[in-house]
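Trainee: Sending over upload_28.cif (mmCIF, C-alpha atoms).
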```cif
data_data
#
loop_
_atom_site.label_atom_id
_atom_site.label_comp_id
_atom_site.auth_asym_id
_atom_site.auth_seq_id
_atom_site.Cartn_x
_atom_site.Cartn_y
_atom_site.Cartn_z
CA MET A 187 -3.77 17.33 3.15
CA ALA A 188 -2.82 13.86 4.36
CA ALA A 189 -5.55 11.85 6.07
CA GLN A 190 -5.26 10.72 9.67
CA VAL A 191 -6.91 7.37 9.25
CA GLN A 192 -6.10 4.21 7.38
CA ASP A 193 -8.35 4.18 4.33
CA VAL A 194 -7.16 0.99 2.64
CA SER A 195 -8.35 -2.47 3.60
CA LEU A 196 -5.56 -4.49 5.16
CA GLU A 197 -6.96 -7.76 3.91
CA ILE A 198 -4.67 -9.27 1.30
CA HIS A 199 -6.14 -10.66 -1.90
CA GLU A 200 -5.07 -14.20 -2.67
CA ILE A 201 -4.13 -14.62 -6.32
CA SER A 202 -5.83 -17.50 -8.17
CA PRO A 203 -3.90 -19.73 -10.61
CA THR A 204 -5.65 -18.01 -13.53
CA GLU A 205 -4.78 -14.57 -12.19
CA ALA A 206 -1.19 -15.70 -11.58
CA ARG A 207 -0.71 -16.56 -15.25
CA GLU A 208 -2.24 -13.24 -16.31
CA ILE A 209 -0.05 -11.29 -13.89
CA PHE A 210 3.11 -12.98 -15.10
CA ASP A 211 2.24 -12.43 -18.74
CA SER A 212 1.29 -8.81 -18.10
CA ALA A 213 4.56 -8.14 -16.25
CA ALA A 214 6.63 -9.64 -19.09
CA GLN A 215 4.74 -7.44 -21.56
CA TYR A 216 5.14 -4.33 -19.42
CA TYR A 217 8.82 -4.63 -18.53
CA LEU A 218 10.24 -6.46 -21.52
CA LYS A 219 7.65 -6.24 -24.31
CA MET A 220 7.35 -10.01 -24.65
CA SER A 221 4.90 -12.68 -23.56
CA GLY A 222 5.34 -14.63 -20.36
CA GLU A 223 5.85 -17.76 -22.40
CA GLU A 224 8.60 -16.12 -24.43
CA PHE A 225 10.27 -14.91 -21.24
CA LEU A 226 10.32 -18.44 -19.80
CA LYS A 227 11.74 -19.89 -23.02
CA ARG A 228 14.50 -17.30 -23.13
CA TRP A 229 15.24 -17.59 -19.41
CA GLU A 230 15.52 -21.36 -19.56
CA ALA A 231 17.73 -21.14 -22.65
CA GLY A 232 20.00 -18.67 -20.86
CA LYS A 233 19.34 -16.05 -23.51
CA PHE A 234 19.10 -12.99 -21.33
CA GLU A 235 22.46 -11.41 -21.94
CA GLU A 236 21.69 -8.64 -19.52
CA LEU A 237 20.47 -10.87 -16.74
CA ASP A 238 21.31 -8.29 -14.12
CA GLN A 239 19.14 -5.60 -15.60
CA PRO A 240 16.40 -4.54 -13.18
CA ASP A 241 13.60 -4.99 -15.73
CA VAL A 242 14.59 -8.62 -16.29
CA MET A 243 14.56 -9.22 -12.56
CA HIS A 244 11.10 -7.67 -12.19
CA VAL A 245 9.79 -10.57 -14.28
CA ALA A 246 12.18 -13.24 -13.02
CA VAL A 247 11.00 -12.91 -9.41
CA LEU A 248 7.46 -13.58 -10.62
CA MET A 249 8.33 -16.94 -12.17
CA PRO A 250 7.02 -18.87 -9.14
CA LEU A 251 3.55 -17.68 -10.15
CA VAL A 252 3.64 -19.89 -13.22
CA ARG A 253 5.93 -22.74 -12.35
CA PRO A 254 6.58 -24.63 -9.09
CA MET B 135 19.56 -1.67 7.32
CA SER B 136 17.68 -4.29 9.24
CA CYS B 137 19.73 -7.45 9.00
CA THR B 138 22.37 -8.93 6.82
CA SER B 139 21.03 -12.14 5.32
CA GLN B 140 17.66 -13.79 5.54
CA CYS B 141 15.36 -11.58 7.56
CA LEU B 142 13.11 -13.24 10.10
CA CYS B 143 9.99 -11.43 11.18
CA PRO B 144 10.56 -11.03 14.93
CA LEU B 145 6.91 -11.36 15.84
CA SER B 146 5.91 -15.01 15.79
CA ALA B 147 2.37 -16.33 16.01
CA HIS B 148 0.51 -19.38 17.21
CA SER B 149 -0.46 -20.47 13.72
CA GLU B 150 0.94 -20.36 10.23
CA ARG B 151 -2.01 -18.30 9.08
CA ALA B 152 -1.75 -15.80 11.94
CA ALA B 153 1.96 -15.23 11.30
CA GLU B 154 1.31 -14.61 7.63
CA ARG B 155 -1.65 -12.33 8.33
CA THR B 156 0.37 -10.18 10.76
CA PHE B 157 3.20 -9.87 8.26
CA THR B 158 1.12 -9.05 5.18
CA ARG B 159 -1.20 -6.64 6.98
CA ALA B 160 1.78 -4.72 8.35
CA LEU B 161 3.25 -4.37 4.88
CA GLN B 162 -0.08 -3.26 3.43
CA GLN B 163 -0.33 -0.67 6.16
CA ALA B 164 3.19 0.53 5.35
CA VAL B 165 2.60 0.94 1.61
CA SER B 166 -0.71 2.68 2.25
CA CYS B 167 1.37 5.60 3.58
CA VAL B 168 2.20 6.45 -0.04
CA THR B 169 -0.38 4.71 -2.24
CA PRO B 170 -3.91 3.30 -2.10
CA ALA B 171 -2.72 0.37 -4.25
CA VAL B 172 -3.04 -3.04 -2.65
CA LEU B 173 -0.81 -6.03 -2.10
CA SER B 174 -1.84 -9.46 -3.27
CA ASN B 175 -0.39 -12.76 -2.38
CA TRP B 176 0.41 -15.96 -4.25
CA ARG B 177 0.95 -19.38 -2.81
CA ASP B 178 1.11 -22.49 -4.94
CA ARG B 179 -1.67 -24.60 -3.40
CA SER B 180 -0.66 -27.57 -5.53
CA GLN B 181 2.44 -27.78 -3.31
CA PRO B 182 0.88 -27.91 0.18
CA ASP B 183 4.18 -28.55 1.95
CA ASP B 184 5.84 -25.58 0.32
CA HIS B 185 5.45 -22.58 2.60
CA LEU B 186 6.94 -20.16 0.09
CA CYS B 187 4.75 -17.24 -0.97
CA SER B 188 4.95 -14.15 -3.16
CA LEU B 189 3.60 -10.72 -2.29
CA LEU B 190 3.07 -8.17 -5.05
CA LEU B 191 2.00 -4.56 -5.05
CA ASN B 192 -0.48 -3.70 -7.80
CA ASN B 193 0.01 -7.14 -9.40
CA GLY B 194 3.67 -6.42 -10.09
CA HIS B 195 3.12 -3.14 -11.92
CA PRO B 196 4.51 0.23 -10.78
CA VAL B 197 2.20 2.55 -8.88
CA SER B 198 2.32 6.30 -9.22
CA LEU B 199 3.37 8.30 -6.16
CA ALA B 200 2.24 11.85 -5.44
CA GLY B 201 5.05 14.39 -5.54
CA THR B 202 6.98 16.76 -7.73
CA LEU B 203 9.33 14.10 -9.18
CA ARG B 204 6.53 11.86 -10.52
CA LEU B 205 8.03 8.69 -9.16
CA TYR B 206 6.59 5.19 -9.24
CA LEU B 207 6.98 2.39 -6.73
CA THR B 208 7.27 -1.34 -7.29
CA VAL B 209 7.21 -3.97 -4.54
CA THR B 210 7.63 -7.70 -5.02
CA LEU B 211 8.85 -10.05 -2.34
CA ARG B 212 9.08 -13.74 -1.55
CA TYR B 213 8.71 -15.02 1.95
CA ARG B 214 8.56 -18.35 3.68
CA ILE B 215 6.41 -19.31 6.64
CA VAL B 216 8.71 -21.11 9.07
CA THR B 217 8.61 -22.56 12.54
CA ASP B 218 10.04 -20.12 15.04
CA THR B 219 13.56 -21.23 15.90
CA ALA B 220 13.16 -19.85 19.44
CA ASP B 221 9.79 -21.50 20.06
CA ARG B 222 9.00 -24.59 18.01
CA GLY B 223 5.29 -24.30 18.64
CA ARG B 224 5.05 -20.95 16.93
CA TRP B 225 5.35 -19.65 13.38
CA ALA B 226 7.31 -16.77 11.88
CA ILE B 227 7.99 -15.24 8.47
CA ARG B 228 11.35 -15.20 6.74
CA THR B 229 11.90 -12.89 3.78
CA GLU B 230 13.82 -14.69 1.04
CA GLN B 231 13.83 -12.30 -1.92
CA TYR B 232 12.74 -8.75 -2.63
CA ILE B 233 12.63 -6.10 -5.29
CA TYR B 234 11.74 -2.59 -4.18
CA SER B 235 12.20 0.14 -6.72
CA LEU B 236 11.57 3.80 -7.28
CA ARG B 237 11.07 4.43 -11.00
CA ASN B 238 10.43 7.21 -13.43
CA GLU B 239 7.95 6.59 -16.25
CA GLU B 240 10.37 4.37 -18.13
CA THR B 241 12.84 2.68 -15.84
CA ASP B 242 14.00 2.00 -12.32
CA VAL B 243 16.02 4.86 -10.86
CA LEU B 244 16.79 3.22 -7.54
CA ALA B 245 16.27 -0.54 -7.35
CA TYR B 246 16.86 -2.40 -4.11
CA HIS B 247 17.27 -6.08 -4.91
CA TRP B 248 17.88 -9.28 -3.08
CA HIS B 249 17.18 -12.41 -5.10
CA PRO B 250 19.36 -15.35 -4.12
CA GLY B 251 18.37 -18.59 -5.79
CA LEU B 252 17.80 -17.16 -9.25
CA GLY B 253 21.00 -18.65 -10.56
CA GLN B 254 22.99 -15.46 -10.57
CA ARG B 255 26.48 -14.58 -9.50
CA VAL B 256 25.23 -11.92 -7.12
CA THR B 257 23.52 -13.26 -4.01
CA TRP B 258 23.94 -10.31 -1.67
CA PRO B 259 21.37 -7.53 -1.13
CA HIS B 260 22.23 -4.71 -3.49
CA LEU B 261 21.20 -1.45 -5.12
CA HIS B 262 21.08 -0.60 -8.82
CA ILE B 263 21.24 3.08 -9.69
CA GLN B 264 20.12 4.25 -13.11
CA ASP B 265 20.34 7.83 -14.15
CA PRO B 266 20.89 9.37 -17.60
CA ALA B 267 23.81 11.28 -16.10
CA LEU B 268 25.59 7.94 -15.58
CA GLN B 269 25.27 6.78 -19.19
CA ASP B 270 28.81 7.74 -20.09
CA SER B 271 30.32 6.70 -16.80
CA VAL B 272 32.93 3.95 -17.01
CA PHE B 273 32.79 3.59 -13.25
CA LEU B 274 29.13 3.43 -12.31
CA SER B 275 26.25 1.94 -14.30
CA SER B 276 22.89 0.34 -13.56
CA ARG B 277 24.57 -3.07 -13.91
CA LYS B 278 26.65 -2.54 -10.78
CA HIS B 279 25.41 -4.31 -7.68
CA LEU B 280 26.09 -1.88 -4.86
CA ILE B 281 26.11 -3.79 -1.58
CA THR B 282 23.48 -2.62 0.88
CA GLY B 283 22.77 -5.22 3.54
CA HIS B 284 19.11 -6.16 3.96
CA VAL B 285 16.84 -3.20 3.25
CA ALA B 286 13.34 -3.06 4.73
CA LEU B 287 10.42 -1.89 2.64
CA GLU B 288 9.70 0.73 5.29
CA GLU B 289 13.18 2.17 4.74
CA VAL B 290 12.52 2.57 1.02
CA LEU B 291 9.20 4.28 1.76
CA LEU B 292 10.91 6.57 4.26
CA LEU B 293 13.56 7.38 1.65
CA ALA B 294 10.88 8.18 -0.93
CA ILE B 295 9.16 10.61 1.42
CA GLU B 296 12.17 12.21 3.05
CA GLU B 297 14.60 12.43 0.15
CA PHE B 298 12.53 12.27 -3.04
CA ASP B 299 9.68 14.51 -2.09
CA VAL B 300 6.98 11.85 -2.26
CA GLN B 301 3.84 13.14 -0.61
CA PRO B 302 2.57 10.85 2.15
CA ARG B 303 -1.12 9.99 2.13
CA LEU B 304 -1.42 9.61 5.86
CA ALA B 305 -0.48 12.29 8.39
CA ASN B 306 0.86 9.69 10.82
CA TRP B 307 3.01 7.97 8.19
CA ARG B 308 6.17 8.11 10.27
CA GLN B 309 4.49 6.42 13.22
CA ILE B 310 3.01 3.76 10.93
CA LEU B 311 6.34 2.96 9.30
CA GLU B 312 8.06 2.75 12.67
CA GLU B 313 5.32 0.53 14.08
CA THR B 314 5.05 -1.84 11.14
CA ARG B 315 8.79 -2.28 11.03
CA ARG B 316 8.95 -2.90 14.76
CA ALA B 317 5.93 -5.21 14.60
CA GLY B 318 7.85 -7.51 12.41
CA ALA B 319 7.28 -6.57 8.84
CA GLY B 320 10.58 -4.88 8.01
CA ALA B 321 10.70 -7.17 5.01
#
```
Now, as a test, write the supplied structure out as structure tokens.

Mentor:
Amino acid sequence: MAAQVQDVSLEIHEISPTEAREIFDSAAQYYLKMSGEEFLKRWEAGKFEELDQPDVMHVAVLMPLVRP
Amino acid sequence: MSCTSQCLCPLSAHSERAAERTFTRALQQAVSCVTPAVLSNWRDRSQPDDHLCSLLLNNGHPVSLAGTLRLYLTVTLRYRIVTDTADRGRWAIRTEQYIYSLRNEETDVLAYHWHPGLGQRVTWPHLHIQDPALQDSVFLSSRKHLITGHVALEEVLLLAIEEFDVQPRLANWRQILEETRRAGAGA
């Protein structure tokens, strides 16, 4: 039975720089089985042949968390 | 579909912080219709003039949705806090990139993407469809970028509930999704 009331806090957690690095690394591991560092190296070298694959993009959109 | 290019939150606010708070709270309220997972937000504080932020559900990992199909949801978006073009003294939110996907345990099944600025050929909002039944198709594959126009997160949540049998957590989910979209999330 669905509840009638909102049961989740609407306050948004602000990610710290340390958490940001962990999140990026964890996402690269989860989606592509590589470290965040390895992802960045391969991205910058243009080595993702399947750049348009959704799992690559899941990590690519998180790059701002680890580099300006 | 909400709009065709960059999507500006229609509800502006008197301060940068208030505009952002309205936007992020509305999106949290929307996702809470299908999951207790929370959104978190990243802004590079070493770049104080850069008003570009990221918003992630469950730190970028998929969250399980209740329902017979055992689907998972991912939500990641980038937004910018901007001065309201209609009223220079006020602030608004402009969505600049998003990835909303419905996944099975291994891969995205439906992935709504819009990620201009990542150095790719495709800059328009699009949909990737991935299904084992398409593996041998010469016509349709997950690499195709099917044009969609701007898709709001609320629309993906509505789709999940109405068409993919996802069980809503809140009885008034439809009202919430309508209200948050109208209130200016619709990211």

Trainee: Please measure the separation of CA of Asp218 (chain B) and CA of Ser149 (chain B), giving the value in Å to one decimal.

Mentor: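 If I compute the distance from CA of Asp218 (chain B) to CA of Ser149 (chain B), I get 10.6 Å.
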
Trainee: Residues at most 10 Å from Pro240 (chain A), counting only C-alpha atoms, excluding those fewer than 5 positions away in the same chain, as number ranges by chain?

Mentor: A: 217, 245-246; B: 233, 235, 241-247, 261-264, 276-277

Trainee: Can you tell me which residues surround Leu248 (chain A) at a distance of at most 12 Å, considering all atoms listed in the file, apart from same-chain residues fewer than 6 positions away, and format the answer as an MDAnalysis selection string?

Mentor: (chainID A and resid 206:214 222 225:226 241:242 254) or (chainID B and resid 175:177 187:191 193:195 209:212 231:233 249 252)

Trainee: If you keep C-alpha atoms, can you produce a file of those selected residues as a JSON list (two decimals), in the frame of the given file?

Mentor:
```
[["chain", "number", "residue", "atom", "x", "y", "z"],
["A", 206, "ALA", "CA", -1.19, -15.70, -11.58],
["A", 207, "ARG", "CA", -0.71, -16.56, -15.25],
["A", 208, "GLU", "CA", -2.24, -13.24, -16.31],
["A", 209, "ILE", "CA", -0.05, -11.29, -13.89],
["A", 210, "PHE", "CA", 3.11, -12.98, -15.10],
["A", 211, "ASP", "CA", 2.24, -12.43, -18.74],
["A", 212, "SER", "CA", 1.29, -8.81, -18.10],
["A", 213, "ALA", "CA", 4.56, -8.14, -16.25],
["A", 214, "ALA", "CA", 6.63, -9.64, -19.09],
["A", 222, "GLY", "CA", 5.34, -14.63, -20.36],
["A", 225, "PHE", "CA", 10.27, -14.91, -21.24],
["A", 226, "LEU", "CA", 10.32, -18.44, -19.80],
["A", 241, "ASP", "CA", 13.60, -4.99, -15.73],
["A", 242, "VAL", "CA", 14.59, -8.62, -16.29],
["A", 254, "PRO", "CA", 6.58, -24.63, -9.09],
["B", 175, "ASN", "CA", -0.39, -12.76, -2.38],
["B", 176, "TRP", "CA", 0.41, -15.96, -4.25],
["B", 177, "ARG", "CA", 0.95, -19.38, -2.81],
["B", 187, "CYS", "CA", 4.75, -17.24, -0.97],
["B", 188, "SER", "CA", 4.95, -14.15, -3.16],
["B", 189, "LEU", "CA", 3.60, -10.72, -2.29],
["B", 190, "LEU", "CA", 3.07, -8.17, -5.05],
["B", 191, "LEU", "CA", 2.00, -4.56, -5.05],
["B", 193, "ASN", "CA", 0.01, -7.14, -9.40],
["B", 194, "GLY", "CA", 3.67, -6.42, -10.09],
["B", 195, "HIS", "CA", 3.12, -3.14, -11.92],
["B", 209, "VAL", "CA", 7.21, -3.97, -4.54],
["B", 210, "THR", "CA", 7.63, -7.70, -5.02],
["B", 211, "LEU", "CA", 8.85, -10.05, -2.34],
["B", 212, "ARG", "CA", 9.08, -13.74, -1.55],
["B", 231, "GLN", "CA", 13.83, -12.30, -1.92],
["B", 232, "TYR", "CA", 12.74, -8.75, -2.63],
["B", 233, "ILE", "CA", 12.63, -6.10, -5.29],
["B", 249, "HIS", "CA", 17.18, -12.41, -5.10],
["B", 252, "LEU", "CA", 17.80, -17.16, -9.25]]
```

Trainee: Identify which of the residues A:Gln239, A:Glu224, A:Lys233, A:Glu205 lies closest to chain B, counting only C-alpha atoms when measuring atom-to-atom distances.

Mentor: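 Of A:Gln239, A:Glu224, A:Lys233, A:Glu205, the one nearest chain B, counting only C-alpha atoms, is A:Gln239.
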
Trainee: With a cut-off of 6 Å and counting all atoms listed in the file, select all residues of chain B in contact with chain A and give the selection as a PyMOL selection string.

Mentor: chain B and resi 159+162+174-176+303-305

Trainee: Identify all residues satisfying the PyMOL selection byres ((chain B and resi 166-170) around 9) in the given file; provide them as a list in words.

Mentor: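 Here the PyMOL selection byres ((chain B and resi 166-170) around 9) matches Gln192, Asp193 and Val194 of chain A; Leu161, Gln162, Gln163, Ala164, Val165, Ala171, Val172, Val197, Ser198, Leu199, Ala200, Leu207, Leu291, Ala294, Ile295, Val300, Gln301, Pro302, Arg303, Leu304, Ala305, Asn306, Trp307, Arg308, Ile310 and Leu311 of chain B.
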
Trainee: So how many Å separate CA of Val216 (chain B) and CA of Phe157 (chain B), to one decimal?

Mentor: 12.5 Å

Trainee: Report the distance between CA of Thr219 (chain B) and CA of Arg255 (chain B) in Å, rounded to one decimal place.

Mentor: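 So the two atoms, CA of Thr219 (chain B) and CA of Arg255 (chain B), lie 29.3 Å apart.
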
Trainee: I need the residue set behind the PyMOL selection byres ((chain B and resi 230) around 7) for this file; please write it as a VMD selection string.

Mentor: chain B and resid 140 212 to 214 228 to 229 231

Trainee: Taking all atoms of region 203-210 of chain A that the file lists and extending 8 Å past them on each side, where is the centre of the axis-aligned box and how long are its edges? Answer in Å to one decimal, as JSON.

Mentor:
```
{"center_x": -1.3, "center_y": -15.5, "center_z": -13.5, "size_x": 24.8, "size_y": 24.4, "size_z": 21.7}
```

Trainee: Compile the contact shell of Phe298 (chain B) as a list in words: residues with an atom at most 9 Å away, counting only C-alpha atoms, same-chain residues fewer than 3 positions apart removed.

Mentor: Gly201, Thr202, Leu203, Leu205, Leu293, Ala294 and Ile295 of chain B

Trainee: If you apply the PyMOL selection byres ((chain B and resi 226) around 12) to this file, what residues do you get, as a PyMOL selection string?

Mentor: chain B and resi 141-158+185+213-225+227-229+317-319

Trainee: Regenerate region 200-223 of chain A at the level of N, CA, C and O atoms and dump it as a PDB file, in the coordinates of the input.

Mentor:
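Output file part.pdb follows:
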```pdb
ATOM      1  N   GLU A 200      -5.848 -13.022  -2.278  1.00  0.00           N
ATOM      2  CA  GLU A 200      -5.070 -14.200  -2.670  1.00  0.00           C
ATOM      3  C   GLU A 200      -5.243 -14.436  -4.169  1.00  0.00           C
ATOM      4  O   GLU A 200      -6.360 -14.541  -4.682  1.00  0.00           O
ATOM      5  N   ILE A 201      -4.125 -14.495  -4.859  1.00  0.00           N
ATOM      6  CA  ILE A 201      -4.130 -14.620  -6.320  1.00  0.00           C
ATOM      7  C   ILE A 201      -4.507 -16.049  -6.711  1.00  0.00           C
ATOM      8  O   ILE A 201      -3.969 -17.017  -6.175  1.00  0.00           O
ATOM      9  N   SER A 202      -5.427 -16.174  -7.677  1.00  0.00           N
ATOM     10  CA  SER A 202      -5.830 -17.500  -8.170  1.00  0.00           C
ATOM     11  C   SER A 202      -4.821 -17.961  -9.225  1.00  0.00           C
ATOM     12  O   SER A 202      -4.081 -17.142  -9.788  1.00  0.00           O
ATOM     13  N   PRO A 203      -4.810 -19.255  -9.554  1.00  0.00           N
ATOM     14  CA  PRO A 203      -3.900 -19.730 -10.610  1.00  0.00           C
ATOM     15  C   PRO A 203      -4.118 -19.005 -11.942  1.00  0.00           C
ATOM     16  O   PRO A 203      -3.159 -18.694 -12.652  1.00  0.00           O
ATOM     17  N   THR A 204      -5.374 -18.725 -12.274  1.00  0.00           N
ATOM     18  CA  THR A 204      -5.650 -18.010 -13.530  1.00  0.00           C
ATOM     19  C   THR A 204      -5.077 -16.596 -13.468  1.00  0.00           C
ATOM     20  O   THR A 204      -4.421 -16.127 -14.415  1.00  0.00           O
ATOM     21  N   GLU A 205      -5.314 -15.924 -12.353  1.00  0.00           N
ATOM     22  CA  GLU A 205      -4.780 -14.570 -12.190  1.00  0.00           C
ATOM     23  C   GLU A 205      -3.248 -14.583 -12.219  1.00  0.00           C
ATOM     24  O   GLU A 205      -2.617 -13.679 -12.754  1.00  0.00           O
ATOM     25  N   ALA A 206      -2.660 -15.617 -11.631  1.00  0.00           N
ATOM     26  CA  ALA A 206      -1.190 -15.700 -11.580  1.00  0.00           C
ATOM     27  C   ALA A 206      -0.601 -15.714 -12.981  1.00  0.00           C
ATOM     28  O   ALA A 206       0.374 -15.018 -13.266  1.00  0.00           O
ATOM     29  N   ARG A 207      -1.210 -16.505 -13.867  1.00  0.00           N
ATOM     30  CA  ARG A 207      -0.710 -16.560 -15.250  1.00  0.00           C
ATOM     31  C   ARG A 207      -0.867 -15.202 -15.930  1.00  0.00           C
ATOM     32  O   ARG A 207       0.016 -14.743 -16.656  1.00  0.00           O
ATOM     33  N   GLU A 208      -2.007 -14.553 -15.697  1.00  0.00           N
ATOM     34  CA  GLU A 208      -2.240 -13.240 -16.310  1.00  0.00           C
ATOM     35  C   GLU A 208      -1.255 -12.196 -15.791  1.00  0.00           C
ATOM     36  O   GLU A 208      -0.749 -11.372 -16.553  1.00  0.00           O
ATOM     37  N   ILE A 209      -0.997 -12.245 -14.488  1.00  0.00           N
ATOM     38  CA  ILE A 209      -0.050 -11.290 -13.890  1.00  0.00           C
ATOM     39  C   ILE A 209       1.337 -11.469 -14.456  1.00  0.00           C
ATOM     40  O   ILE A 209       2.027 -10.506 -14.810  1.00  0.00           O
ATOM     41  N   PHE A 210       1.763 -12.718 -14.577  1.00  0.00           N
ATOM     42  CA  PHE A 210       3.110 -12.980 -15.100  1.00  0.00           C
ATOM     43  C   PHE A 210       3.219 -12.494 -16.549  1.00  0.00           C
ATOM     44  O   PHE A 210       4.190 -11.829 -16.926  1.00  0.00           O
ATOM     45  N   ASP A 211       2.216 -12.825 -17.336  1.00  0.00           N
ATOM     46  CA  ASP A 211       2.240 -12.430 -18.740  1.00  0.00           C
ATOM     47  C   ASP A 211       2.224 -10.895 -18.870  1.00  0.00           C
ATOM     48  O   ASP A 211       2.980 -10.316 -19.662  1.00  0.00           O
ATOM     49  N   SER A 212       1.399 -10.270 -18.061  1.00  0.00           N
ATOM     50  CA  SER A 212       1.290  -8.810 -18.100  1.00  0.00           C
ATOM     51  C   SER A 212       2.604  -8.143 -17.691  1.00  0.00           C
ATOM     52  O   SER A 212       3.028  -7.145 -18.292  1.00  0.00           O
ATOM     53  N   ALA A 213       3.277  -8.709 -16.693  1.00  0.00           N
ATOM     54  CA  ALA A 213       4.560  -8.140 -16.250  1.00  0.00           C
ATOM     55  C   ALA A 213       5.618  -8.287 -17.348  1.00  0.00           C
ATOM     56  O   ALA A 213       6.402  -7.360 -17.593  1.00  0.00           O
ATOM     57  N   ALA A 214       5.647  -9.444 -18.001  1.00  0.00           N
ATOM     58  CA  ALA A 214       6.630  -9.640 -19.090  1.00  0.00           C
ATOM     59  C   ALA A 214       6.372  -8.653 -20.222  1.00  0.00           C
ATOM     60  O   ALA A 214       7.311  -8.094 -20.808  1.00  0.00           O
ATOM     61  N   GLN A 215       5.085  -8.419 -20.514  1.00  0.00           N
ATOM     62  CA  GLN A 215       4.740  -7.440 -21.560  1.00  0.00           C
ATOM     63  C   GLN A 215       5.167  -6.038 -21.133  1.00  0.00           C
ATOM     64  O   GLN A 215       5.726  -5.284 -21.925  1.00  0.00           O
ATOM     65  N   TYR A 216       4.880  -5.696 -19.896  1.00  0.00           N
ATOM     66  CA  TYR A 216       5.140  -4.330 -19.420  1.00  0.00           C
ATOM     67  C   TYR A 216       6.633  -4.027 -19.365  1.00  0.00           C
ATOM     68  O   TYR A 216       7.087  -2.996 -19.861  1.00  0.00           O
ATOM     69  N   TYR A 217       7.396  -4.930 -18.757  1.00  0.00           N
ATOM     70  CA  TYR A 217       8.820  -4.630 -18.530  1.00  0.00           C
ATOM     71  C   TYR A 217       9.695  -4.955 -19.735  1.00  0.00           C
ATOM     72  O   TYR A 217      10.708  -4.298 -19.954  1.00  0.00           O
ATOM     73  N   LEU A 218       9.323  -5.993 -20.485  1.00  0.00           N
ATOM     74  CA  LEU A 218      10.240  -6.460 -21.520  1.00  0.00           C
ATOM     75  C   LEU A 218       9.606  -6.590 -22.906  1.00  0.00           C
ATOM     76  O   LEU A 218      10.262  -7.042 -23.847  1.00  0.00           O
ATOM     77  N   LYS A 219       8.338  -6.202 -23.014  1.00  0.00           N
ATOM     78  CA  LYS A 219       7.650  -6.240 -24.310  1.00  0.00           C
ATOM     79  C   LYS A 219       7.691  -7.640 -24.939  1.00  0.00           C
ATOM     80  O   LYS A 219       7.954  -7.806 -26.126  1.00  0.00           O
ATOM     81  N   MET A 220       7.455  -8.642 -24.129  1.00  0.00           N
ATOM     82  CA  MET A 220       7.350 -10.010 -24.650  1.00  0.00           C
ATOM     83  C   MET A 220       6.324 -10.763 -23.820  1.00  0.00           C
ATOM     84  O   MET A 220       5.920 -10.292 -22.744  1.00  0.00           O
ATOM     85  N   SER A 221       5.886 -11.904 -24.313  1.00  0.00           N
ATOM     86  CA  SER A 221       4.900 -12.680 -23.560  1.00  0.00           C
ATOM     87  C   SER A 221       5.595 -13.409 -22.406  1.00  0.00           C
ATOM     88  O   SER A 221       6.815 -13.598 -22.410  1.00  0.00           O
ATOM     89  N   GLY A 222       4.797 -13.840 -21.455  1.00  0.00           N
ATOM     90  CA  GLY A 222       5.340 -14.630 -20.360  1.00  0.00           C
ATOM     91  C   GLY A 222       5.972 -15.917 -20.854  1.00  0.00           C
ATOM     92  O   GLY A 222       7.030 -16.335 -20.373  1.00  0.00           O
ATOM     93  N   GLU A 223       5.330 -16.501 -21.837  1.00  0.00           N
ATOM     94  CA  GLU A 223       5.850 -17.760 -22.400  1.00  0.00           C
ATOM     95  C   GLU A 223       7.218 -17.537 -23.039  1.00  0.00           C
ATOM     96  O   GLU A 223       8.144 -18.317 -22.868  1.00  0.00           O
TER      97      GLU A 223
END
```
